[in-house]
Structure formats: structure tokens, C-alpha cells
$ cat run-v2.pdb   # PDB, C-alpha atoms, pLDDT in the B column
ATOM      1  CA  PHE I1253    -101.301 -29.334  54.718  1.00 80.00           C
ATOM      2  CA  LYS I1254    -104.590 -28.710  56.604  1.00 77.00           C
ATOM      3  CA  VAL I1255    -108.119 -29.958  56.031  1.00 83.00           C
ATOM      4  CA  ARG I1256    -111.207 -28.311  57.620  1.00 77.00           C
ATOM      5  CA  ALA I1257    -114.604 -29.930  57.514  1.00 81.00           C
ATOM      6  CA  VAL I1258    -117.776 -27.845  57.136  1.00 79.00           C
ATOM      7  CA  SER I1259    -121.160 -29.217  58.263  1.00 77.00           C
ATOM      8  CA  ALA I1260    -124.284 -29.182  56.104  1.00 79.00           C
ATOM      9  CA  THR I1261    -125.431 -26.138  58.033  1.00 82.00           C
ATOM     10  CA  GLY I1262    -122.175 -24.324  57.250  1.00 76.00           C
ATOM     11  CA  THR I1263    -120.456 -24.763  60.616  1.00 83.00           C
ATOM     12  CA  PRO I1264    -116.675 -25.113  60.144  1.00 83.00           C
ATOM     13  CA  ASP I1265    -114.495 -27.576  62.066  1.00 77.00           C
ATOM     14  CA  SER I1266    -112.712 -25.602  64.785  1.00 81.00           C
ATOM     15  CA  THR I1267    -109.702 -28.014  64.811  1.00 84.00           C
ATOM     16  CA  PRO I1268    -108.766 -28.774  61.230  1.00 84.00           C
ATOM     17  CA  ALA I1269    -106.638 -31.867  60.586  1.00 83.00           C
ATOM     18  CA  SER I1270    -103.072 -31.168  59.506  1.00 83.00           C
ATOM     19  CA  HIS I1271    -100.048 -32.995  58.161  1.00 83.00           C
ATOM     20  CA  THR I1272     -96.513 -31.746  57.570  1.00 85.00           C
ATOM     21  CA  TRP I1273     -93.640 -33.222  55.595  1.00 78.00           C
ATOM     22  CA  THR I1274     -90.310 -32.184  54.139  1.00 79.00           C
ATOM     23  CA  VAL I1275     -89.245 -32.408  50.521  1.00 77.00           C
ATOM     24  CA  ASP I1276     -85.525 -33.246  50.260  1.00 73.00           C
ATOM     25  CA  THR I1277     -83.868 -33.916  46.934  1.00 86.00           C
ATOM     26  CA  ILE I1278     -80.382 -32.808  47.998  1.00 91.00           C
ATOM     27  CA  LEU I1279     -77.792 -35.574  47.833  1.00 94.00           C
ATOM     28  CA  PRO I1280     -75.695 -36.088  50.973  1.00 96.00           C
ATOM     29  CA  ALA I1281     -71.915 -36.330  50.878  1.00 97.00           C
ATOM     30  CA  ALA I1282     -69.775 -38.696  52.947  1.00 98.00           C
ATOM     31  CA  SER I1283     -66.239 -37.881  54.061  1.00 97.00           C
ATOM     32  CA  ILE I1284     -63.453 -40.267  55.130  1.00 98.00           C
ATOM     33  CA  SER I1285     -60.722 -39.361  57.609  1.00 98.00           C
ATOM     34  CA  GLY I1286     -58.240 -41.065  59.883  1.00 97.00           C
ATOM     35  CA  LEU I1287     -56.730 -43.459  57.352  1.00 98.00           C
ATOM     36  CA  PRO I1288     -52.968 -44.084  57.625  1.00 97.00           C
ATOM     37  CA  THR I1289     -50.913 -41.731  55.473  1.00 95.00           C
ATOM     38  CA  GLY I1290     -48.082 -44.260  55.074  1.00 95.00           C
ATOM     39  CA  PRO I1291     -47.660 -48.028  55.274  1.00 97.00           C
ATOM     40  CA  VAL I1292     -48.924 -49.516  58.535  1.00 98.00           C
ATOM     41  CA  SER I1293     -48.057 -52.849  60.107  1.00 98.00           C
ATOM     42  CA  ALA I1294     -51.600 -54.001  60.857  1.00 97.00           C
ATOM     43  CA  THR I1295     -54.330 -56.318  59.611  1.00 98.00           C
ATOM     44  CA  SER I1296     -57.094 -54.028  60.896  1.00 98.00           C
ATOM     45  CA  VAL I1297     -57.575 -50.338  60.057  1.00 98.00           C
ATOM     46  CA  THR I1298     -60.257 -47.933  61.303  1.00 98.00           C
ATOM     47  CA  ALA I1299     -61.653 -45.025  59.286  1.00 98.00           C
ATOM     48  CA  ALA I1300     -63.744 -42.154  60.645  1.00 98.00           C
ATOM     49  CA  LEU I1301     -66.854 -41.404  58.566  1.00 98.00           C
ATOM     50  CA  SER I1302     -68.891 -38.202  58.497  1.00 98.00           C
ATOM     51  CA  CYS I1303     -71.769 -36.827  56.462  1.00 97.00           C
ATOM     52  CA  SER I1304     -72.839 -33.423  55.207  1.00 96.00           C
ATOM     53  CA  GLU I1305     -76.296 -34.043  56.734  1.00 95.00           C
ATOM     54  CA  ALA I1306     -77.452 -35.274  60.123  1.00 95.00           C
ATOM     55  CA  ASN I1307     -78.486 -38.880  60.739  1.00 95.00           C
ATOM     56  CA  CYS I1308     -77.001 -40.365  57.590  1.00 96.00           C
ATOM     57  CA  ALA I1309     -76.531 -44.067  57.013  1.00 97.00           C
ATOM     58  CA  PHE I1310     -73.375 -45.295  55.306  1.00 98.00           C
ATOM     59  CA  LEU I1311     -72.589 -47.854  52.622  1.00 98.00           C
ATOM     60  CA  CYS I1312     -69.006 -49.092  52.398  1.00 98.00           C
ATOM     61  CA  SER I1313     -66.880 -51.001  49.900  1.00 98.00           C
ATOM     62  CA  VAL I1314     -63.366 -52.302  50.567  1.00 98.00           C
ATOM     63  CA  ASP I1315     -61.124 -53.257  47.659  1.00 98.00           C
ATOM     64  CA  GLY I1316     -63.888 -53.447  45.097  1.00 96.00           C
ATOM     65  CA  SER I1317     -66.524 -55.317  47.103  1.00 97.00           C
ATOM     66  CA  ALA I1318     -70.177 -54.351  46.659  1.00 97.00           C
ATOM     67  CA  LEU I1319     -71.381 -51.388  48.692  1.00 97.00           C
ATOM     68  CA  ALA I1320     -73.022 -52.592  51.897  1.00 97.00           C
ATOM     69  CA  GLY I1321     -74.248 -51.057  55.111  1.00 97.00           C
ATOM     70  CA  CYS I1322     -71.468 -50.114  57.544  1.00 97.00           C
ATOM     71  CA  SER I1323     -71.084 -48.292  60.814  1.00 95.00           C
ATOM     72  CA  ALA I1324     -69.133 -45.190  61.735  1.00 96.00           C
ATOM     73  CA  PRO I1325     -66.315 -45.468  62.579  1.00 97.00           C
ATOM     74  CA  ASN I1326     -65.706 -48.238  60.068  1.00 97.00           C
ATOM     75  CA  VAL I1327     -63.357 -51.025  61.180  1.00 97.00           C
ATOM     76  CA  MET I1328     -61.787 -53.044  58.358  1.00 98.00           C
ATOM     77  CA  SER I1329     -60.390 -56.380  59.576  1.00 97.00           C
ATOM     78  CA  GLY I1330     -58.545 -59.291  58.022  1.00 97.00           C
ATOM     79  CA  LEU I1331     -56.603 -57.083  55.638  1.00 98.00           C
ATOM     80  CA  LYS I1332     -53.801 -58.639  53.622  1.00 97.00           C
ATOM     81  CA  ASP I1333     -50.541 -56.852  52.890  1.00 98.00           C
ATOM     82  CA  GLY I1334     -50.841 -54.406  50.027  1.00 98.00           C
ATOM     83  CA  ASP I1335     -52.688 -51.327  48.802  1.00 98.00           C
ATOM     84  CA  HIS I1336     -56.323 -50.918  49.808  1.00 98.00           C
ATOM     85  CA  THR I1337     -59.218 -48.693  48.730  1.00 98.00           C
ATOM     86  CA  LEU I1338     -62.209 -47.740  50.867  1.00 98.00           C
ATOM     87  CA  LYS I1339     -65.290 -46.252  49.212  1.00 98.00           C
ATOM     88  CA  VAL I1340     -68.139 -44.778  51.239  1.00 98.00           C
ATOM     89  CA  SER I1341     -71.564 -43.562  50.134  1.00 98.00           C
ATOM     90  CA  ALA I1342     -73.967 -41.660  52.407  1.00 98.00           C
ATOM     91  CA  VAL I1343     -77.748 -42.116  52.449  1.00 97.00           C
ATOM     92  CA  ASP I1344     -79.852 -39.409  54.120  1.00 95.00           C
ATOM     93  CA  GLU I1345     -83.165 -39.749  55.955  1.00 93.00           C
ATOM     94  CA  ALA I1346     -85.072 -39.076  52.727  1.00 93.00           C
ATOM     95  CA  GLY I1347     -83.340 -41.998  51.029  1.00 93.00           C
ATOM     96  CA  ASN I1348     -81.118 -39.858  48.822  1.00 95.00           C
ATOM     97  CA  GLU I1349     -77.776 -41.540  48.105  1.00 95.00           C
ATOM     98  CA  GLN I1350     -74.763 -39.623  46.931  1.00 95.00           C
ATOM     99  CA  ALA I1351     -73.950 -40.153  43.289  1.00 92.00           C
ATOM    100  CA  GLN I1352     -70.203 -40.727  43.620  1.00 96.00           C
ATOM    101  CA  PRO I1353     -68.842 -42.437  46.746  1.00 97.00           C
ATOM    102  CA  ALA I1354     -66.033 -40.816  48.698  1.00 98.00           C
ATOM    103  CA  GLU I1355     -62.750 -42.706  48.358  1.00 98.00           C
ATOM    104  CA  GLY I1356     -59.687 -43.214  50.539  1.00 98.00           C
ATOM    105  CA  THR I1357     -56.572 -45.330  50.077  1.00 98.00           C
ATOM    106  CA  PHE I1358     -54.030 -46.840  52.458  1.00 98.00           C
ATOM    107  CA  LYS I1359     -51.387 -49.560  52.587  1.00 98.00           C
ATOM    108  CA  THR I1360     -50.786 -52.393  55.040  1.00 98.00           C
ATOM    109  CA  ASP I1361     -47.454 -54.169  55.419  1.00 98.00           C
ATOM    110  CA  THR I1362     -46.866 -56.743  58.163  1.00 98.00           C
ATOM    111  CA  THR I1363     -43.891 -58.457  56.517  1.00 97.00           C
ATOM    112  CA  PRO I1364     -40.490 -57.807  58.130  1.00 98.00           C
ATOM    113  CA  PRO I1365     -37.828 -56.669  55.665  1.00 97.00           C
ATOM    114  CA  ALA I1366     -34.844 -58.882  54.886  1.00 97.00           C
ATOM    115  CA  LYS I1367     -31.868 -58.381  57.142  1.00 96.00           C
ATOM    116  CA  PRO I1368     -29.355 -55.836  55.797  1.00 97.00           C
ATOM    117  CA  ASP I1369     -27.142 -57.184  53.015  1.00 96.00           C
ATOM    118  CA  ALA I1370     -23.808 -58.245  54.525  1.00 94.00           C
ATOM    119  CA  VAL I1371     -21.993 -57.648  51.237  1.00 94.00           C
ATOM    120  CA  LYS I1372     -23.383 -54.153  50.654  1.00 95.00           C
ATOM    121  CA  VAL I1373     -23.097 -52.900  54.227  1.00 94.00           C
ATOM    122  CA  THR I1374     -19.509 -51.960  55.060  1.00 91.00           C
ATOM    123  CA  VAL I1375     -17.862 -51.391  58.423  1.00 88.00           C
ATOM    124  CA  ILE I1376     -14.999 -48.945  57.966  1.00 83.00           C
ATOM    125  CA  GLN I1377     -12.212 -49.123  60.546  1.00 78.00           C
ATOM    126  CA  ASN I1378     -10.414 -45.841  60.931  1.00 74.00           C
ATOM    127  CA  ALA I1379      -7.153 -45.061  62.726  1.00 73.00           C
ATOM    128  CA  PRO I1380      -7.130 -45.310  66.524  1.00 73.00           C
ATOM    129  CA  GLY I1381      -8.604 -42.196  68.034  1.00 75.00           C
ATOM    130  CA  SER I1382     -10.987 -41.731  65.089  1.00 78.00           C
ATOM    131  CA  GLN I1383     -14.603 -42.766  64.759  1.00 82.00           C
ATOM    132  CA  ASP I1384     -15.316 -46.071  63.032  1.00 84.00           C
ATOM    133  CA  GLN I1385     -18.102 -45.858  60.485  1.00 87.00           C
ATOM    134  CA  VAL I1386     -20.757 -47.871  58.691  1.00 90.00           C
ATOM    135  CA  SER I1387     -22.227 -47.265  55.235  1.00 93.00           C
ATOM    136  CA  GLY I1388     -24.504 -49.108  52.827  1.00 95.00           C
ATOM    137  CA  SER I1389     -24.530 -49.122  49.039  1.00 96.00           C
ATOM    138  CA  ALA I1390     -27.656 -49.296  46.878  1.00 97.00           C
ATOM    139  CA  ALA I1391     -30.043 -52.130  47.796  1.00 96.00           C
ATOM    140  CA  SER I1392     -28.266 -52.776  51.075  1.00 97.00           C
ATOM    141  CA  VAL I1393     -31.614 -52.168  52.814  1.00 97.00           C
ATOM    142  CA  GLU I1394     -35.159 -51.217  51.783  1.00 97.00           C
ATOM    143  CA  ALA I1395     -35.733 -47.716  50.442  1.00 97.00           C
ATOM    144  CA  GLY I1396     -36.667 -45.314  53.224  1.00 96.00           C
ATOM    145  CA  SER I1397     -35.926 -47.753  56.029  1.00 97.00           C
ATOM    146  CA  SER I1398     -34.242 -46.779  59.286  1.00 97.00           C
ATOM    147  CA  VAL I1399     -30.850 -48.404  59.930  1.00 97.00           C
ATOM    148  CA  ARG I1400     -29.544 -48.986  63.459  1.00 96.00           C
ATOM    149  CA  ILE I1401     -26.249 -50.436  64.684  1.00 93.00           C
ATOM    150  CA  TYR I1402     -25.832 -52.204  68.033  1.00 93.00           C
ATOM    151  CA  SER I1403     -22.858 -53.605  69.911  1.00 88.00           C
ATOM    152  CA  ASP I1404     -24.794 -56.647  71.101  1.00 88.00           C
ATOM    153  CA  GLY I1405     -27.029 -59.249  69.500  1.00 88.00           C
ATOM    154  CA  LEU I1406     -29.815 -58.538  71.992  1.00 92.00           C
ATOM    155  CA  LEU I1407     -30.036 -55.003  70.560  1.00 94.00           C
ATOM    156  CA  THR I1408     -29.763 -53.267  73.916  1.00 94.00           C
ATOM    157  CA  ALA I1409     -26.720 -51.057  73.230  1.00 91.00           C
ATOM    158  CA  LEU I1410     -27.243 -48.691  70.294  1.00 93.00           C
ATOM    159  CA  ILE I1411     -23.932 -47.366  68.955  1.00 89.00           C
ATOM    160  CA  GLY I1412     -25.059 -45.856  65.640  1.00 90.00           C
ATOM    161  CA  GLY I1413     -28.194 -44.517  64.004  1.00 90.00           C
ATOM    162  CA  PRO I1414     -30.955 -44.336  63.300  1.00 94.00           C
ATOM    163  CA  GLN I1415     -29.913 -43.462  59.745  1.00 94.00           C
ATOM    164  CA  THR I1416     -32.503 -43.259  56.953  1.00 96.00           C
ATOM    165  CA  ALA I1417     -31.864 -45.017  53.646  1.00 97.00           C
ATOM    166  CA  ASP I1418     -32.473 -43.156  50.409  1.00 97.00           C
ATOM    167  CA  GLY I1419     -34.716 -44.226  47.543  1.00 97.00           C
ATOM    168  CA  SER I1420     -32.110 -46.681  46.243  1.00 97.00           C
ATOM    169  CA  GLY I1421     -31.719 -48.431  49.590  1.00 97.00           C
ATOM    170  CA  ALA I1422     -28.314 -46.860  50.264  1.00 97.00           C
ATOM    171  CA  PHE I1423     -27.341 -44.978  53.402  1.00 94.00           C
ATOM    172  CA  PRO I1424     -24.401 -42.639  53.974  1.00 92.00           C
ATOM    173  CA  LEU I1425     -21.485 -43.052  56.356  1.00 90.00           C
ATOM    174  CA  PHE I1426     -22.316 -42.628  60.008  1.00 87.00           C
ATOM    175  CA  SER I1427     -20.228 -43.101  63.130  1.00 88.00           C
ATOM    176  CA  ILE I1428     -20.333 -46.062  65.487  1.00 86.00           C
ATOM    177  CA  GLY I1429     -17.636 -44.830  67.873  1.00 81.00           C
ATOM    178  CA  ASP I1430     -13.902 -45.343  68.289  1.00 75.00           C
ATOM    179  CA  ASN I1431     -13.700 -49.040  69.125  1.00 65.00           C
ATOM    180  CA  LYS I1432      -9.942 -49.379  69.652  1.00 59.00           C
ATOM    181  CA  GLY I1433      -9.452 -51.078  72.974  1.00 54.00           C
ATOM    182  CA  ASP I1434     -13.129 -52.037  73.249  1.00 56.00           C
ATOM    183  CA  SER I1435     -14.397 -55.606  73.423  1.00 55.00           C
ATOM    184  CA  ILE I1436     -16.659 -55.144  70.391  1.00 67.00           C
ATOM    185  CA  ASP I1437     -15.692 -57.793  67.855  1.00 76.00           C
ATOM    186  CA  LEU I1438     -18.995 -57.694  65.971  1.00 85.00           C
ATOM    187  CA  VAL I1439     -21.576 -55.049  65.240  1.00 89.00           C
ATOM    188  CA  TYR I1440     -25.224 -55.913  64.718  1.00 93.00           C
ATOM    189  CA  VAL I1441     -27.250 -54.182  62.037  1.00 95.00           C
ATOM    190  CA  VAL I1442     -31.044 -54.068  61.679  1.00 97.00           C
ATOM    191  CA  GLN I1443     -33.419 -52.119  59.499  1.00 97.00           C
ATOM    192  CA  ILE I1444     -36.930 -50.950  60.332  1.00 98.00           C
ATOM    193  CA  ASP I1445     -39.139 -50.422  57.298  1.00 98.00           C
ATOM    194  CA  LEU I1446     -41.627 -47.602  56.691  1.00 97.00           C
ATOM    195  CA  ALA I1447     -44.420 -49.622  58.313  1.00 97.00           C
ATOM    196  CA  GLY I1448     -42.389 -50.195  61.465  1.00 97.00           C
ATOM    197  CA  ASN I1449     -41.457 -53.837  60.841  1.00 98.00           C
ATOM    198  CA  GLN I1450     -37.976 -54.793  62.043  1.00 98.00           C
ATOM    199  CA  SER I1451     -35.654 -57.124  60.173  1.00 97.00           C
ATOM    200  CA  ALA I1452     -33.629 -59.991  61.536  1.00 97.00           C
ATOM    201  CA  VAL I1453     -30.157 -59.084  62.786  1.00 96.00           C
ATOM    202  CA  GLN I1454     -27.160 -58.974  60.457  1.00 96.00           C
ATOM    203  CA  SER I1455     -23.812 -59.339  62.253  1.00 94.00           C
ATOM    204  CA  LEU I1456     -20.664 -57.809  60.775  1.00 91.00           C
ATOM    205  CA  THR I1457     -17.053 -58.062  61.858  1.00 86.00           C
ATOM    206  CA  ASN I1458     -15.662 -54.994  63.551  1.00 75.00           C
ATOM    207  CA  ASP I1459     -11.869 -55.108  63.210  1.00 64.00           C
ATOM    208  CA  LYS I1460     -10.330 -53.246  66.145  1.00 55.00           C
ATOM    209  CA  THR I1461      -6.745 -54.266  65.442  1.00 53.00           C
ATOM    210  CA  SER I1462      -4.421 -51.307  65.185  1.00 49.00           C
ATOM    211  CA  PRO I1463      -2.199 -51.251  62.088  1.00 48.00           C
ATOM    212  CA  ALA I1464       1.453 -52.145  62.646  1.00 47.00           C
ATOM    213  CA  ALA I1465       3.756 -49.229  63.240  1.00 44.00           C
ATOM    214  CA  ALA I1466       5.862 -48.193  60.283  1.00 44.00           C
ATOM    215  CA  THR I1467       9.523 -49.282  60.435  1.00 46.00           C
TER     216      THR I1467
END
$ encode --input "run-v2.pdb" --output "C-alpha cells"
Amino acid sequence: FKVRAVSATGTPDSTPASHTWTVDTILPAASISGLPTGPVSATSVTAALSCSEANCAFLCSVDGSALAGCSAPNVMSGLKDGDHTLKVSAVDEAGNEQAQPAEGTFKTDTTPPAKPDAVKVTVIQNAPGSQDQVSGSAASVEAGSSVRIYSDGLLTALIGGPQTADGSGAFPLFSIGDNKGDSIDLVYVVQIDLAGNQSAVQSLTNDKTSPAAAT
């Protein structure tokens, strides 16, 4: 917009005043990325935020809280175990705010699973020269967890696994070696859940005694 003054004698201003501005009624759109795709053992989670326009400001809501100004990336701290929802709304330089906030979900889990069930986890002793095995029936461990077998309580000597449990918490037979003649009296079983939390150790008897010869 320009304005030129003209004197009473009809002489025009050689340097008219001017002003420019931009009309922007387009709503911006925020995007969320970088959230965990599975359970994570953490009390703090960071989300990357982006906007369809340059120089946007962001408003964030975590688990139903009121939208409030937040930075990008957005660090969410003090999270309790469970499912979480992050909502983000972008505001552009013209003050336009998107109508429907972007939304992302994630889960935190810092609680170690229970140690494997001693009744439902079975050590199977096979004939000398054959591999001994371990299996777990339903609910022996958490669904989807990773099962590992060690020959020592300090968990330094892995002899079986990892083996992944199915949706019922069962896991199929897998070998732990031929222990005839070894000094392994016990095996030590742990599970690691989907978030990476490890259980306490469950010890199980490993019977290495050879059956008596037939007479």
C-alpha cells in the first residue's frame, strides 16, 4: 500500500510512503515423530515436532492436560507406567492455530516382570548324549518376553535362548546342552519383557543322573 502527497500547487511527493503486509488464513499442521513404537522402560520420552510452515510455535498436551506452549523437540518427564497420548497443535506467525491437534501414543513400562513360573517351566532331561531341553507352558512368562537360560546365578554363562514366548506366555522346547558329566546341578531362568526389563532369577533343578542300566 502506497500513499503519495500532492502539494497545493500540484507538486507530487517524489517518495511516497508505503506499507506491506501478508494475509494468511491458512491453518498450519503439526507432525509428531520419534515416539517409541513399543513399550519402553523409561520415565522420560522425547518427541520430534515439525510444522507445515516455517517458524511455528507449538502447543502440547500430555495425557489429557490442557494445551500449553512447548518446545521442539518436546521432552516429557515424570511419566508413570502405562499408555500415554501426546497431542500437538501448531500456531503460525499469523496466529492461525490448527483445528485438530496431531496425536501420538506410546507406552512406558519400568516394572520388571515376575520371575518365570517354576511350576510351568520344565527342564527335560534326555538320555546321555542327547540335548537337555527347557519348555514353558501358558503363563509361564509374560507374553512376548525373551527367555534365557544360564548355568550360573550370576548370569554370565548362557546355555539356552533367547527364546520368545508366544501370546499366551508359553515358549517351545529349546536345547540347553548335553549336561551328563557336567557340574551343572541347577539352571537359572530369566525373562526380559518387551520394554527390556529383566526379571529376577528362577533356579530349576537340572538332573544329570543317568538312568540305571536295564538288567
$ resolve_selection --input "run-v2.pdb" --expression "the PyMOL selection byres ((chain I and resi 1447-1461) around 8)" --output "short mmCIF file (atom, residue, chain, number, x, y, z; two decimals) with C-alpha atoms, in the frame of the given file"
data_model
loop_
_atom_site.label_atom_id
_atom_site.label_comp_id
_atom_site.auth_asym_id
_atom_site.auth_seq_id
_atom_site.Cartn_x
_atom_site.Cartn_y
_atom_site.Cartn_z
CA GLY I 1290 -48.08 -44.26 55.07
CA PRO I 1291 -47.66 -48.03 55.27
CA VAL I 1292 -48.92 -49.52 58.54
CA SER I 1293 -48.06 -52.85 60.11
CA THR I 1360 -50.79 -52.39 55.04
CA ASP I 1361 -47.45 -54.17 55.42
CA THR I 1362 -46.87 -56.74 58.16
CA THR I 1363 -43.89 -58.46 56.52
CA PRO I 1364 -40.49 -57.81 58.13
CA PRO I 1365 -37.83 -56.67 55.66
CA ALA I 1366 -34.84 -58.88 54.89
CA LYS I 1367 -31.87 -58.38 57.14
CA PRO I 1368 -29.36 -55.84 55.80
CA ASP I 1369 -27.14 -57.18 53.02
CA ALA I 1370 -23.81 -58.24 54.52
CA VAL I 1375 -17.86 -51.39 58.42
CA GLN I 1377 -12.21 -49.12 60.55
CA GLY I 1405 -27.03 -59.25 69.50
CA ASN I 1431 -13.70 -49.04 69.12
CA LYS I 1432 -9.94 -49.38 69.65
CA GLY I 1433 -9.45 -51.08 72.97
CA ASP I 1434 -13.13 -52.04 73.25
CA ILE I 1436 -16.66 -55.14 70.39
CA ASP I 1437 -15.69 -57.79 67.86
CA LEU I 1438 -19.00 -57.69 65.97
CA VAL I 1439 -21.58 -55.05 65.24
CA TYR I 1440 -25.22 -55.91 64.72
CA VAL I 1441 -27.25 -54.18 62.04
CA VAL I 1442 -31.04 -54.07 61.68
CA GLN I 1443 -33.42 -52.12 59.50
CA ILE I 1444 -36.93 -50.95 60.33
CA ASP I 1445 -39.14 -50.42 57.30
CA LEU I 1446 -41.63 -47.60 56.69
CA SER I 1462 -4.42 -51.31 65.18
CA PRO I 1463 -2.20 -51.25 62.09
#
$ closest_residue --input "run-v2.pdb" --among "I:Ser1420, I:Thr1337, I:Thr1277, I:Asn1378" --to "Ala1395 in chain I" --atoms "all atoms listed in the file"
I:Ser1420
$ atom_distance --input "run-v2.pdb" --atom1 "CA of Phe1358 in chain I" --atom2 "CA of Val1399 in chain I"
24.4 Å
$ resolve_selection --input "run-v2.pdb" --expression "the PyMOL selection byres ((chain I and resi 1373) around 7)" --output "MDAnalysis selection string"
chainID I and resid 1369:1372 1374:1375 1387:1389 1392
$ closest_residue --input "run-v2.pdb" --among "I:Met1328, I:Ala1354, I:Ile1411, I:Val1258" --to "Ala1294 in chain I" --atoms "all atoms listed in the file"
I:Met1328
$ atom_distance --input "run-v2.pdb" --atom1 "CA of Ser1427 in chain I" --atom2 "CA of Leu1406 in chain I"
20.2 Å
$ atom_distance --input "run-v2.pdb" --atom1 "CA of Pro1325 in chain I" --atom2 "CA of Pro1280 in chain I"
17.6 Å
$ closest_residue --input "run-v2.pdb" --among "I:Ser1313, I:Ser1266, I:Asn1348, I:Ser1259" --to "Leu1279 in chain I" --atoms "all atoms listed in the file"
I:Asn1348
$ resolve_selection --input "run-v2.pdb" --expression "the PyMOL selection byres ((chain I and resi 1268) around 10)" --output "ChimeraX atom specification"
/I:1253-1258,1264-1267,1269-1270
$ closest_residue --input "run-v2.pdb" --among "I:Thr1298, I:Ser1398, I:Ser1382, I:Thr1261" --to "Asn1326 in chain I" --atoms "all atoms listed in the file"
I:Thr1298
$ residues_around --input "run-v2.pdb" --residues "Gly1286 in chain I" --least-positions-apart "5" --cutoff "12 Å" --atoms "all atoms listed in the file" --output "mmCIF file with C-alpha atoms, in the coordinates of the input"
data_model
loop_
_atom_site.group_PDB
_atom_site.id
_atom_site.type_symbol
_atom_site.label_atom_id
_atom_site.label_comp_id
_atom_site.auth_asym_id
_atom_site.auth_seq_id
_atom_site.Cartn_x
_atom_site.Cartn_y
_atom_site.Cartn_z
ATOM 1 C CA VAL I 1297 -57.575 -50.338 60.057
ATOM 2 C CA THR I 1298 -60.257 -47.933 61.303
ATOM 3 C CA ALA I 1299 -61.653 -45.025 59.286
ATOM 4 C CA ALA I 1300 -63.744 -42.154 60.645
ATOM 5 C CA LEU I 1301 -66.854 -41.404 58.566
ATOM 6 C CA SER I 1302 -68.891 -38.202 58.497
ATOM 7 C CA ALA I 1324 -69.133 -45.190 61.735
ATOM 8 C CA PRO I 1325 -66.315 -45.468 62.579
ATOM 9 C CA ASN I 1326 -65.706 -48.238 60.068
ATOM 10 C CA VAL I 1327 -63.357 -51.025 61.180
ATOM 11 C CA LEU I 1338 -62.209 -47.740 50.867
ATOM 12 C CA GLY I 1356 -59.687 -43.214 50.539
ATOM 13 C CA THR I 1357 -56.572 -45.330 50.077
ATOM 14 C CA PHE I 1358 -54.030 -46.840 52.458
#
$ closest_residue --input "run-v2.pdb" --among "I:Pro1424, I:Gly1347, I:Gly1419, I:Gly1381" --to "Asn1307 in chain I" --atoms "all atoms listed in the file"
I:Gly1347
$ build_atoms --input "run-v2.pdb" --residues "range 1320-1333 of chain I" --atoms "N, CA and C atoms" --output "JSON list (two decimals), in the coordinates of the input"
[["chain", "number", "residue", "atom", "x", "y", "z"],
["I", 1320, "ALA", "N", -72.14, -51.98, 50.91],
["I", 1320, "ALA", "CA", -73.02, -52.59, 51.90],
["I", 1320, "ALA", "C", -73.04, -51.72, 53.13],
["I", 1321, "GLY", "N", -74.11, -51.86, 53.91],
["I", 1321, "GLY", "CA", -74.25, -51.06, 55.11],
["I", 1321, "GLY", "C", -73.05, -51.20, 56.05],
["I", 1322, "CYS", "N", -72.61, -50.09, 56.63],
["I", 1322, "CYS", "CA", -71.47, -50.11, 57.54],
["I", 1322, "CYS", "C", -71.68, -49.07, 58.62],
["I", 1323, "SER", "N", -70.95, -49.21, 59.69],
["I", 1323, "SER", "CA", -71.08, -48.29, 60.81],
["I", 1323, "SER", "C", -69.98, -47.25, 60.78],
["I", 1324, "ALA", "N", -70.15, -46.23, 61.58],
["I", 1324, "ALA", "CA", -69.13, -45.19, 61.74],
["I", 1324, "ALA", "C", -68.73, -45.12, 63.20],
["I", 1325, "PRO", "N", -67.43, -45.25, 63.52],
["I", 1325, "PRO", "CA", -66.32, -45.47, 62.58],
["I", 1325, "PRO", "C", -66.38, -46.86, 61.95],
["I", 1326, "ASN", "N", -65.70, -46.98, 60.80],
["I", 1326, "ASN", "CA", -65.71, -48.24, 60.07],
["I", 1326, "ASN", "C", -64.41, -49.00, 60.32],
["I", 1327, "VAL", "N", -64.53, -50.20, 60.88],
["I", 1327, "VAL", "CA", -63.36, -51.02, 61.18],
["I", 1327, "VAL", "C", -63.21, -52.08, 60.09],
["I", 1328, "MET", "N", -62.06, -52.07, 59.43],
["I", 1328, "MET", "CA", -61.79, -53.04, 58.36],
["I", 1328, "MET", "C", -60.79, -54.07, 58.90],
["I", 1329, "SER", "N", -61.21, -55.33, 58.98],
["I", 1329, "SER", "CA", -60.39, -56.38, 59.58],
["I", 1329, "SER", "C", -59.97, -57.40, 58.53],
["I", 1330, "GLY", "N", -59.00, -58.22, 58.90],
["I", 1330, "GLY", "CA", -58.54, -59.29, 58.02],
["I", 1330, "GLY", "C", -57.88, -58.80, 56.76],
["I", 1331, "LEU", "N", -57.23, -57.66, 56.83],
["I", 1331, "LEU", "CA", -56.60, -57.08, 55.64],
["I", 1331, "LEU", "C", -55.29, -57.80, 55.33],
["I", 1332, "LYS", "N", -55.07, -58.07, 54.07],
["I", 1332, "LYS", "CA", -53.80, -58.64, 53.62],
["I", 1332, "LYS", "C", -52.82, -57.52, 53.30],
["I", 1333, "ASP", "N", -51.54, -57.85, 53.25],
["I", 1333, "ASP", "CA", -50.54, -56.85, 52.89],
["I", 1333, "ASP", "C", -50.81, -56.30, 51.49]]
